[in-house]
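Content type TSV, C-alpha atoms, from the file upload24.tsv:
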chain	number	residue	atom	x	y	z
A	1	MET	CA	-73.36	-10.41	-10.98
A	2	THR	CA	-73.59	-8.91	-14.47
A	3	ASP	CA	-76.51	-7.28	-16.20
A	4	THR	CA	-78.25	-9.34	-18.86
A	5	VAL	CA	-77.57	-8.01	-22.36
A	6	GLU	CA	-80.70	-7.71	-24.45
A	7	ARG	CA	-80.70	-9.92	-27.57
A	8	ILE	CA	-82.63	-8.57	-30.56
A	9	LYS	CA	-83.57	-10.52	-33.67
A	10	CYS	CA	-83.89	-7.45	-35.90
A	11	LEU	CA	-82.67	-3.98	-34.96
A	12	ILE	CA	-83.73	-1.02	-37.10
A	13	ILE	CA	-81.66	2.13	-36.76
A	14	GLY	CA	-83.55	5.20	-37.99
A	15	SER	CA	-87.20	6.13	-38.35
A	16	GLY	CA	-87.94	7.70	-41.73
A	17	PRO	CA	-89.93	6.07	-44.56
A	18	ALA	CA	-87.20	3.45	-45.02
A	19	GLY	CA	-87.06	2.51	-41.34
A	20	TYR	CA	-90.82	2.37	-40.81
A	21	THR	CA	-91.42	0.36	-43.98
A	22	ALA	CA	-88.70	-2.08	-42.93
A	23	ALA	CA	-90.38	-2.29	-39.53
A	24	ILE	CA	-93.78	-3.08	-41.05
A	25	TYR	CA	-92.40	-5.92	-43.15
A	26	ALA	CA	-90.12	-7.25	-40.42
A	27	ALA	CA	-92.92	-7.25	-37.85
A	28	ARG	CA	-95.29	-9.06	-40.20
A	29	ALA	CA	-92.55	-11.67	-40.71
A	30	ASP	CA	-92.44	-12.22	-36.94
A	31	MET	CA	-88.90	-10.85	-36.66
A	32	LYS	CA	-89.91	-8.81	-33.60
A	33	PRO	CA	-88.13	-5.66	-34.76
A	34	ILE	CA	-86.99	-2.98	-32.35
A	35	MET	CA	-86.43	0.50	-33.75
A	36	TYR	CA	-84.36	3.32	-32.37
A	37	THR	CA	-85.64	6.59	-33.78
A	38	GLY	CA	-82.46	8.66	-33.65
A	39	MET	CA	-82.29	12.41	-32.99
A	40	GLU	CA	-84.89	13.27	-35.63
A	41	PRO	CA	-87.82	10.84	-35.27
A	42	GLY	CA	-89.52	10.56	-38.65
A	43	GLY	CA	-86.49	11.81	-40.57
A	44	GLN	CA	-86.40	14.64	-43.11
A	45	LEU	CA	-90.12	14.42	-43.86
A	46	THR	CA	-90.89	15.91	-40.45
A	47	THR	CA	-89.63	19.22	-41.84
A	48	THR	CA	-91.78	18.97	-44.98
A	49	THR	CA	-95.13	20.72	-44.79
A	50	GLU	CA	-96.84	19.08	-47.77
A	51	VAL	CA	-96.23	15.68	-49.35
A	52	ASP	CA	-98.16	15.44	-52.61
A	53	ASN	CA	-96.22	12.77	-54.49
A	54	PHE	CA	-96.49	9.74	-52.18
A	55	PRO	CA	-98.98	7.22	-53.63
A	56	GLY	CA	-102.19	6.70	-51.66
A	57	TYR	CA	-102.72	10.30	-50.56
A	58	PRO	CA	-104.89	11.90	-53.28
A	59	GLU	CA	-105.32	15.09	-51.26
A	60	GLY	CA	-101.71	15.16	-50.08
A	61	ILE	CA	-100.53	14.97	-46.48
A	62	ASP	CA	-98.13	16.89	-44.28
A	63	GLY	CA	-94.86	15.17	-43.50
A	64	PRO	CA	-95.17	14.91	-39.69
A	65	THR	CA	-98.66	13.36	-39.94
A	66	MET	CA	-97.43	10.85	-42.49
A	67	MET	CA	-94.60	9.79	-40.20
A	68	ILE	CA	-96.97	9.40	-37.25
A	69	GLN	CA	-99.21	7.17	-39.35
A	70	LEU	CA	-96.26	5.07	-40.53
A	71	GLN	CA	-95.19	4.63	-36.91
A	72	GLN	CA	-98.70	3.59	-35.91
A	73	GLN	CA	-98.80	1.06	-38.73
A	74	ALA	CA	-95.43	-0.39	-37.73
A	75	GLU	CA	-96.51	-0.62	-34.08
A	76	ARG	CA	-99.80	-2.28	-35.03
A	77	PHE	CA	-97.86	-5.29	-36.27
A	78	GLY	CA	-95.64	-5.44	-33.20
A	79	THR	CA	-92.67	-3.15	-33.82
A	80	GLU	CA	-91.28	-1.68	-30.62
A	81	VAL	CA	-90.33	1.94	-31.29
A	82	ARG	CA	-87.87	3.39	-28.82
A	83	MET	CA	-86.71	6.99	-28.51
A	84	GLY	CA	-82.96	7.03	-28.48
A	85	MET	CA	-79.84	7.06	-30.55
A	86	VAL	CA	-77.36	4.34	-31.42
A	87	THR	CA	-73.96	5.77	-30.52
A	88	SER	CA	-71.60	2.96	-31.54
A	89	VAL	CA	-71.63	-0.44	-33.20
A	90	GLU	CA	-69.32	-3.42	-33.27
A	91	LEU	CA	-70.23	-5.43	-36.36
A	92	ASN	CA	-69.44	-9.13	-36.62
A	93	LYS	CA	-67.94	-10.17	-39.95
A	94	THR	CA	-68.94	-13.85	-39.70
A	95	HIS	CA	-72.14	-15.33	-41.13
A	96	GLY	CA	-74.57	-15.70	-38.25
A	97	GLY	CA	-72.45	-13.53	-35.99
A	98	ILE	CA	-73.92	-11.25	-33.34
A	99	HIS	CA	-73.54	-7.50	-33.66
A	100	LYS	CA	-73.03	-5.37	-30.55
A	101	VAL	CA	-74.71	-1.98	-30.30
A	102	GLU	CA	-74.51	0.78	-27.70
A	103	ILE	CA	-77.38	3.19	-27.05
A	104	ASP	CA	-77.06	6.75	-25.77
A	105	ASN	CA	-78.58	5.78	-22.42
A	106	GLY	CA	-75.62	3.49	-21.76
A	107	SER	CA	-77.32	0.18	-22.50
A	108	THR	CA	-75.80	-2.47	-24.75
A	109	LEU	CA	-77.72	-4.65	-27.20
A	110	GLU	CA	-76.89	-7.72	-29.24
A	111	ALA	CA	-78.54	-7.93	-32.66
A	112	GLU	CA	-78.80	-10.90	-34.98
A	113	SER	CA	-79.56	-8.55	-37.87
A	114	ILE	CA	-79.43	-4.80	-38.37
A	115	ILE	CA	-81.27	-2.60	-40.84
A	116	ILE	CA	-79.65	0.79	-41.21
A	117	ALA	CA	-82.07	3.59	-42.15
A	118	THR	CA	-80.29	6.61	-40.70
A	119	GLY	CA	-80.81	8.71	-43.83
A	120	ALA	CA	-78.86	11.71	-45.03
A	121	THR	CA	-78.93	15.30	-43.86
A	122	ALA	CA	-79.28	18.08	-46.43
A	123	LYS	CA	-76.55	20.69	-46.25
A	124	TYR	CA	-77.78	24.23	-45.68
A	125	LEU	CA	-76.05	27.59	-45.86
A	126	GLY	CA	-76.34	28.15	-42.11
A	127	LEU	CA	-78.06	31.53	-42.24
A	128	PRO	CA	-80.49	32.24	-39.35
A	129	SER	CA	-83.05	33.62	-41.83
A	130	GLU	CA	-82.71	30.49	-43.96
A	131	GLN	CA	-83.33	28.17	-41.01
A	132	ARG	CA	-86.26	30.28	-39.81
A	133	LEU	CA	-88.00	29.98	-43.18
A	134	ARG	CA	-87.48	26.25	-43.74
A	135	GLY	CA	-90.93	25.03	-44.66
A	136	GLY	CA	-91.93	28.62	-45.49
A	137	GLY	CA	-90.36	28.68	-48.93
A	138	VAL	CA	-86.89	27.32	-48.18
A	139	SER	CA	-86.45	23.74	-49.38
A	140	ALA	CA	-83.64	21.27	-50.03
A	141	CYS	CA	-85.64	19.23	-52.56
A	142	ALA	CA	-86.83	20.77	-55.82
A	143	VAL	CA	-88.48	17.55	-56.99
A	144	CYS	CA	-90.43	17.35	-53.72
A	145	ASP	CA	-91.53	20.97	-53.41
A	146	GLY	CA	-91.14	22.62	-56.81
A	147	PHE	CA	-94.80	22.07	-57.72
A	148	PHE	CA	-95.90	24.50	-54.99
A	149	PHE	CA	-94.10	27.33	-56.80
A	150	LYS	CA	-95.67	26.81	-60.20
A	151	GLY	CA	-95.62	30.06	-62.22
A	152	GLN	CA	-93.56	31.87	-59.57
A	153	GLU	CA	-90.02	33.22	-59.46
A	154	VAL	CA	-87.57	31.17	-57.40
A	155	ALA	CA	-83.83	30.89	-56.73
A	156	ILE	CA	-81.57	27.89	-56.27
A	157	VAL	CA	-78.09	27.70	-54.74
A	158	GLY	CA	-75.36	25.36	-55.94
A	159	GLY	CA	-72.89	24.70	-58.71
A	160	GLY	CA	-72.84	20.94	-59.20
A	161	ASP	CA	-74.85	18.47	-61.25
A	162	THR	CA	-77.66	18.40	-58.69
A	163	ALA	CA	-78.07	22.17	-58.80
A	164	ALA	CA	-77.98	22.15	-62.60
A	165	GLU	CA	-80.52	19.35	-62.85
A	166	GLU	CA	-82.86	20.83	-60.26
A	167	SER	CA	-82.66	24.34	-61.74
A	168	THR	CA	-83.70	23.07	-65.18
A	169	TYR	CA	-86.44	21.01	-63.55
A	170	LEU	CA	-87.73	24.13	-61.78
A	171	ALA	CA	-87.54	26.12	-65.03
A	172	ASN	CA	-90.24	23.84	-66.48
A	173	ILE	CA	-92.54	24.77	-63.61
A	174	CYS	CA	-91.62	28.30	-62.54
A	175	SER	CA	-91.76	31.55	-64.49
A	176	LYS	CA	-88.12	32.36	-63.71
A	177	VAL	CA	-85.26	30.58	-61.96
A	178	THR	CA	-82.12	32.31	-60.69
A	179	LEU	CA	-79.20	29.96	-60.10
A	180	LEU	CA	-76.69	31.33	-57.58
A	181	VAL	CA	-73.13	30.03	-57.96
A	182	ARG	CA	-70.51	30.95	-55.38
A	183	LYS	CA	-67.57	30.59	-57.75
A	184	GLY	CA	-66.90	31.90	-61.24
A	185	GLU	CA	-67.87	28.61	-62.87
A	186	MET	CA	-70.04	25.59	-62.20
A	187	ARG	CA	-68.73	22.21	-61.08
A	188	ALA	CA	-71.46	20.48	-63.08
A	189	SER	CA	-70.63	18.40	-66.15
A	190	LYS	CA	-70.37	20.23	-69.46
A	191	ALA	CA	-73.57	18.58	-70.67
A	192	MET	CA	-75.49	19.86	-67.64
A	193	GLN	CA	-73.99	23.34	-68.03
A	194	HIS	CA	-75.12	23.44	-71.65
A	195	ARG	CA	-78.61	22.53	-70.53
A	196	VAL	CA	-78.59	25.34	-67.98
A	197	ASN	CA	-77.27	27.89	-70.47
A	198	ASN	CA	-79.85	26.90	-73.09
A	199	THR	CA	-82.84	27.30	-70.74
A	200	PRO	CA	-84.34	30.73	-71.54
A	201	ASN	CA	-85.99	31.45	-68.17
A	202	LEU	CA	-82.94	30.39	-66.15
A	203	GLU	CA	-80.46	33.09	-65.14
A	204	VAL	CA	-77.07	32.22	-63.61
A	205	LYS	CA	-75.37	34.64	-61.23
A	206	TYR	CA	-71.71	33.81	-60.59
A	207	PHE	CA	-69.57	34.92	-57.61
A	208	THR	CA	-72.87	35.31	-55.76
A	209	GLU	CA	-73.78	34.40	-52.19
A	210	ILE	CA	-76.88	34.94	-50.09
A	211	GLU	CA	-76.50	37.38	-47.23
A	212	GLU	CA	-80.08	37.08	-46.00
A	213	VAL	CA	-83.37	35.43	-46.88
A	214	LEU	CA	-86.05	38.12	-46.78
A	215	GLY	CA	-89.54	37.61	-45.38
A	216	ASP	CA	-91.28	37.20	-42.04
A	217	GLN	CA	-93.47	34.10	-42.41
A	218	VAL	CA	-92.61	33.08	-45.98
A	219	VAL	CA	-89.81	33.79	-48.42
A	220	GLU	CA	-90.30	37.16	-50.11
A	221	GLY	CA	-86.84	37.76	-51.54
A	222	LEU	CA	-83.08	37.43	-51.15
A	223	ARG	CA	-80.29	39.84	-50.34
A	224	LEU	CA	-77.37	38.83	-52.52
A	225	VAL	CA	-73.74	39.86	-52.33
A	226	ASN	CA	-71.06	39.59	-55.02
A	227	ASN	CA	-68.13	37.99	-53.23
A	228	GLN	CA	-65.65	39.71	-55.59
A	229	THR	CA	-66.89	43.30	-55.52
A	230	GLY	CA	-68.96	43.34	-52.34
A	231	GLU	CA	-71.89	44.78	-54.28
A	232	LYS	CA	-75.29	43.91	-52.81
A	233	GLU	CA	-78.58	43.33	-54.58
A	234	ASP	CA	-82.12	42.41	-53.49
A	235	ILE	CA	-84.20	40.14	-55.71
A	236	LYS	CA	-87.82	39.10	-55.30
A	237	VAL	CA	-88.48	35.36	-55.12
A	238	THR	CA	-91.07	33.23	-53.34
A	239	GLY	CA	-88.95	30.11	-53.03
A	240	LEU	CA	-85.33	29.24	-52.30
A	241	PHE	CA	-83.94	25.79	-53.05
A	242	ILE	CA	-80.65	24.65	-51.54
A	243	ALA	CA	-78.69	22.20	-53.71
A	244	ILE	CA	-75.24	22.08	-52.15
A	245	GLY	CA	-75.30	18.40	-51.26
A	246	HIS	CA	-76.28	15.92	-48.58
A	247	LYS	CA	-74.28	14.28	-45.82
A	248	PRO	CA	-75.20	10.63	-45.14
A	249	ASN	CA	-75.54	9.83	-41.45
A	250	THR	CA	-72.95	7.07	-41.40
A	251	GLU	CA	-70.30	8.25	-38.93
A	252	ILE	CA	-70.76	5.37	-36.48
A	253	PHE	CA	-70.30	2.79	-39.26
A	254	LYS	CA	-67.07	4.17	-40.71
A	255	GLY	CA	-64.22	1.68	-40.78
A	256	GLN	CA	-66.62	-1.26	-40.70
A	257	LEU	CA	-68.95	-0.83	-43.67
A	258	GLU	CA	-67.89	-0.18	-47.24
A	259	MET	CA	-68.75	3.38	-48.28
A	260	ASP	CA	-68.10	5.63	-51.25
A	261	GLU	CA	-65.93	8.73	-51.03
A	262	THR	CA	-68.78	10.84	-49.67
A	263	GLY	CA	-69.85	8.37	-46.98
A	264	TYR	CA	-72.82	6.62	-48.60
A	265	ILE	CA	-73.04	2.93	-47.70
A	266	ILE	CA	-72.36	0.64	-50.66
A	267	THR	CA	-74.89	-2.16	-51.12
A	268	LYS	CA	-74.46	-5.25	-53.28
A	269	GLY	CA	-76.17	-5.23	-56.66
A	270	LYS	CA	-79.90	-4.66	-56.44
A	271	SER	CA	-80.02	-5.80	-52.81
A	272	THR	CA	-79.63	-3.93	-49.54
A	273	LYS	CA	-76.80	-6.18	-48.37
A	274	THR	CA	-73.65	-4.52	-47.09
A	275	ASN	CA	-70.19	-6.08	-46.86
A	276	ILE	CA	-71.08	-7.35	-43.37
A	277	PRO	CA	-73.39	-10.42	-43.14
A	278	GLY	CA	-76.67	-9.60	-41.45
A	279	VAL	CA	-76.33	-5.83	-41.90
A	280	PHE	CA	-78.55	-4.11	-44.47
A	281	ALA	CA	-78.80	-0.49	-45.58
A	282	SER	CA	-81.91	1.24	-46.90
A	283	GLY	CA	-83.09	4.71	-47.84
A	284	ASP	CA	-81.02	7.85	-48.29
A	285	VAL	CA	-78.09	6.40	-46.36
A	286	GLN	CA	-77.28	4.33	-49.46
A	287	ASP	CA	-79.13	6.28	-52.17
A	288	LYS	CA	-77.66	9.56	-53.39
A	289	GLU	CA	-79.44	9.40	-56.73
A	290	TYR	CA	-83.20	9.57	-56.07
A	291	ARG	CA	-83.66	10.60	-52.41
A	292	GLN	CA	-87.46	10.34	-52.44
A	293	ALA	CA	-89.75	9.08	-49.69
A	294	ILE	CA	-91.24	6.43	-51.98
A	295	THR	CA	-87.86	5.06	-53.07
A	296	ALA	CA	-86.69	5.02	-49.45
A	297	ALA	CA	-89.81	3.06	-48.49
A	298	GLY	CA	-89.11	0.62	-51.30
A	299	THR	CA	-85.60	-0.11	-50.09
A	300	GLY	CA	-86.94	-0.44	-46.54
A	301	CYS	CA	-89.16	-3.25	-47.79
A	302	MET	CA	-86.18	-4.82	-49.56
A	303	ALA	CA	-84.03	-4.62	-46.42
A	304	ALA	CA	-86.65	-6.40	-44.32
A	305	LEU	CA	-86.98	-9.16	-46.93
A	306	ASP	CA	-83.19	-9.48	-47.17
A	307	ALA	CA	-82.93	-9.67	-43.38
A	308	GLU	CA	-85.71	-12.26	-43.16
A	309	ARG	CA	-83.98	-14.49	-45.72
A	310	TYR	CA	-80.65	-14.06	-43.97
A	311	LEU	CA	-82.03	-15.06	-40.57
A	312	ALA	CA	-83.81	-18.04	-42.12
A	313	ALA	CA	-80.56	-19.19	-43.73
A	314	VAL	CA	-78.67	-18.82	-40.44
A	315	GLU	CA	-81.35	-20.76	-38.56
A	316	SER	CA	-81.43	-23.50	-41.17
A	317	LYS	CA	-77.66	-23.90	-41.05
A	318	GLU	CA	-77.70	-24.14	-37.26
A	319	GLU	CA	-80.35	-26.83	-37.38
A	320	VAL	CA	-78.32	-28.88	-39.89
A	321	GLU	CA	-75.15	-28.57	-37.83
A	322	ALA	CA	-77.03	-29.51	-34.67
structure tokens encoding of this file:
Amino acid sequence: MTDTVERIKCLIIGSGPAGYTAAIYAARADMKPIMYTGMEPGGQLTTTTEVDNFPGYPEGIDGPTMMIQLQQQAERFGTEVRMGMVTSVELNKTHGGIHKVEIDNGSTLEAESIIIATGATAKYLGLPSEQRLRGGGVSACAVCDGFFFKGQEVAIVGGGDTAAEESTYLANICSKVTLLVRKGEMRASKAMQHRVNNTPNLEVKYFTEIEEVLGDQVVEGLRLVNNQTGEKEDIKVTGLFIAIGHKPNTEIFKGQLEMDETGYIITKGKSTKTNIPGVFASGDVQDKEYRQAITAAGTGCMAALDAERYLAAVESKEEVEA
């Protein structure tokens, strides 16, 4: 006697703005979605203290509360939210095929459609003081949190286009920005480097690394070290922005889904369709350009609509063949 394998019409993997928005739309379309939250229920926004740029919250809202409310809204329409992590997938390449999924508790599921919303994880320096002050002045998103440091002195770490773009963005808001580059030159494009060099309140320190983030409850300064001379220096800042990249959470899909060189899932045109029929990707797992809660929510909506149309087409074809 064998155990019955659970069949799911729509499986949502991940629980940030993309996953919950997909769940809301899928549930309202009677797709009976089941969501697995992953290791970080609510995604990156659970580490964000204030969200001021998401429409509909005129007074702002803290990230964890926003995620709880999104979950409640998804559940109100019938989404089943389960704590747990998808550990492996076996994707079916045929139209109308069934995808097999394993969960960390050992159970196996069969899904007619899958919406991937596993997000991306910001890379940090790995300093204990940096991790302790995340949410207390340490941020991985200048566009999200820069406003809170208006008129203040801040620092940003990185040498690529993202660091260059975010440092010039911060320079429009903050009184002074110090860009810390580990090497003797930036990796950013020449155009972005020119923009950095022509911003008067933006100082670039090369061959510079952070030894420690200073402050008990909030960021009060940085202890810097020149990696060529060993010379140390303390600077006063109230905010530290990390811009050394993101890592999309796509390990379990490698070898099955088309990805770019950094691991972001490639979707077709303006849709959320992947190279596998019935599998859709939304949010930061396929977006390395914008990485905002509102854009993630938008693609979550798109993924649910794409999945609904896919399932309808499969059902219609089956009825014709029958």
Open item on the list: Just to confirm, what's the straight-line distance from atom CA of Gly221 of chain A to atom CA of Gly137 of chain A in Å (one decimal)?
Closed with: 10.1 Å
Open item on the list: For a quick check of understanding, using all atoms listed in the file, which of A:Lys247, A:Thr168, A:Phe147, A:Asp161 has the smallest distance to Asp52 of chain A?
Closed with: A:Phe147
Task: Distance of atom CA of Glu211 of chain A from atom CA of Thr162 of chain A, expressed in Å to one decimal place - done: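 Interatomic distance here is 22.2 Å.
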Open item on the list: Every residue with an atom at most 12 Å from (-75.4, -7.5, -46.1) (file coordinates; only C-alpha atoms) is what I'm after, so could you write them as a ChimeraX atom specification?
Closed with: /A:91-96,113-116,257-258,265-282,302-311
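Distances here use all atoms listed in the file; by that measure, the residue among A:Leu170, A:Ala122, A:Ile98, A:Ile34 closest to Val81 of chain A is A:Ile34.
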Neighbour residues at most 12 Å from (-98.0, 21.3, -57.9) (only C-alpha atoms) as a PDB file with C-alpha atoms, keeping the file's coordinate frame:
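Contents of out38.pdb, as written:
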ATOM      1  CA  GLU A  50     -96.840  19.080 -47.770  1.00  0.00           C
ATOM      2  CA  VAL A  51     -96.230  15.680 -49.350  1.00  0.00           C
ATOM      3  CA  ASP A  52     -98.160  15.440 -52.610  1.00  0.00           C
ATOM      4  CA  ASN A  53     -96.220  12.770 -54.490  1.00  0.00           C
ATOM      5  CA  GLU A  59    -105.320  15.090 -51.260  1.00  0.00           C
ATOM      6  CA  GLY A  60    -101.710  15.160 -50.080  1.00  0.00           C
ATOM      7  CA  ALA A 142     -86.830  20.770 -55.820  1.00  0.00           C
ATOM      8  CA  VAL A 143     -88.480  17.550 -56.990  1.00  0.00           C
ATOM      9  CA  CYS A 144     -90.430  17.350 -53.720  1.00  0.00           C
ATOM     10  CA  ASP A 145     -91.530  20.970 -53.410  1.00  0.00           C
ATOM     11  CA  GLY A 146     -91.140  22.620 -56.810  1.00  0.00           C
ATOM     12  CA  PHE A 147     -94.800  22.070 -57.720  1.00  0.00           C
ATOM     13  CA  PHE A 148     -95.900  24.500 -54.990  1.00  0.00           C
ATOM     14  CA  PHE A 149     -94.100  27.330 -56.800  1.00  0.00           C
ATOM     15  CA  LYS A 150     -95.670  26.810 -60.200  1.00  0.00           C
ATOM     16  CA  GLY A 151     -95.620  30.060 -62.220  1.00  0.00           C
ATOM     17  CA  GLN A 152     -93.560  31.870 -59.570  1.00  0.00           C
ATOM     18  CA  LEU A 170     -87.730  24.130 -61.780  1.00  0.00           C
ATOM     19  CA  ASN A 172     -90.240  23.840 -66.480  1.00  0.00           C
ATOM     20  CA  ILE A 173     -92.540  24.770 -63.610  1.00  0.00           C
ATOM     21  CA  CYS A 174     -91.620  28.300 -62.540  1.00  0.00           C
TER      22      CYS A 174
END
Open item on the list: Residues near Phe54 of chain A, anyone? I mean within 10 Å using all atoms listed in the file, not counting same-chain ones fewer than 5 positions away, as a list in words.
Closed with: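 Contacts, in chain order: Gly60, Ile61, Met66, Cys144, Gln292, Ala293, Ile294 and Thr295 of chain A.
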Within 6 Å of Ile13 of chain A, counting only C-alpha atoms, which residues qualify if same-chain residues fewer than 6 places away don't, as a PDB file with C-alpha atoms, in the frame of the given file?
ATOM      1  CA  MET A  35     -86.430   0.500 -33.750  1.00  0.00           C
ATOM      2  CA  TYR A  36     -84.360   3.320 -32.370  1.00  0.00           C
ATOM      3  CA  ILE A 116     -79.650   0.790 -41.210  1.00  0.00           C
ATOM      4  CA  ALA A 117     -82.070   3.590 -42.150  1.00  0.00           C
TER       5      ALA A 117
END
TODO: Can you work out which one of A:Gly135, A:Gly14, A:His246, A:Ala312 has the shortest atom-to-atom distance to Asp287 of chain A, counting only C-alpha atoms?
DONE: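 Using only C-alpha atoms, Asp287 of chain A sits closest to A:His246.
With all atoms listed in the file as the basis for measurement, A:Leu11 is the residue among A:Ala155, A:Ala191, A:Leu11, A:Ala140 that approaches Val89 of chain A most closely.
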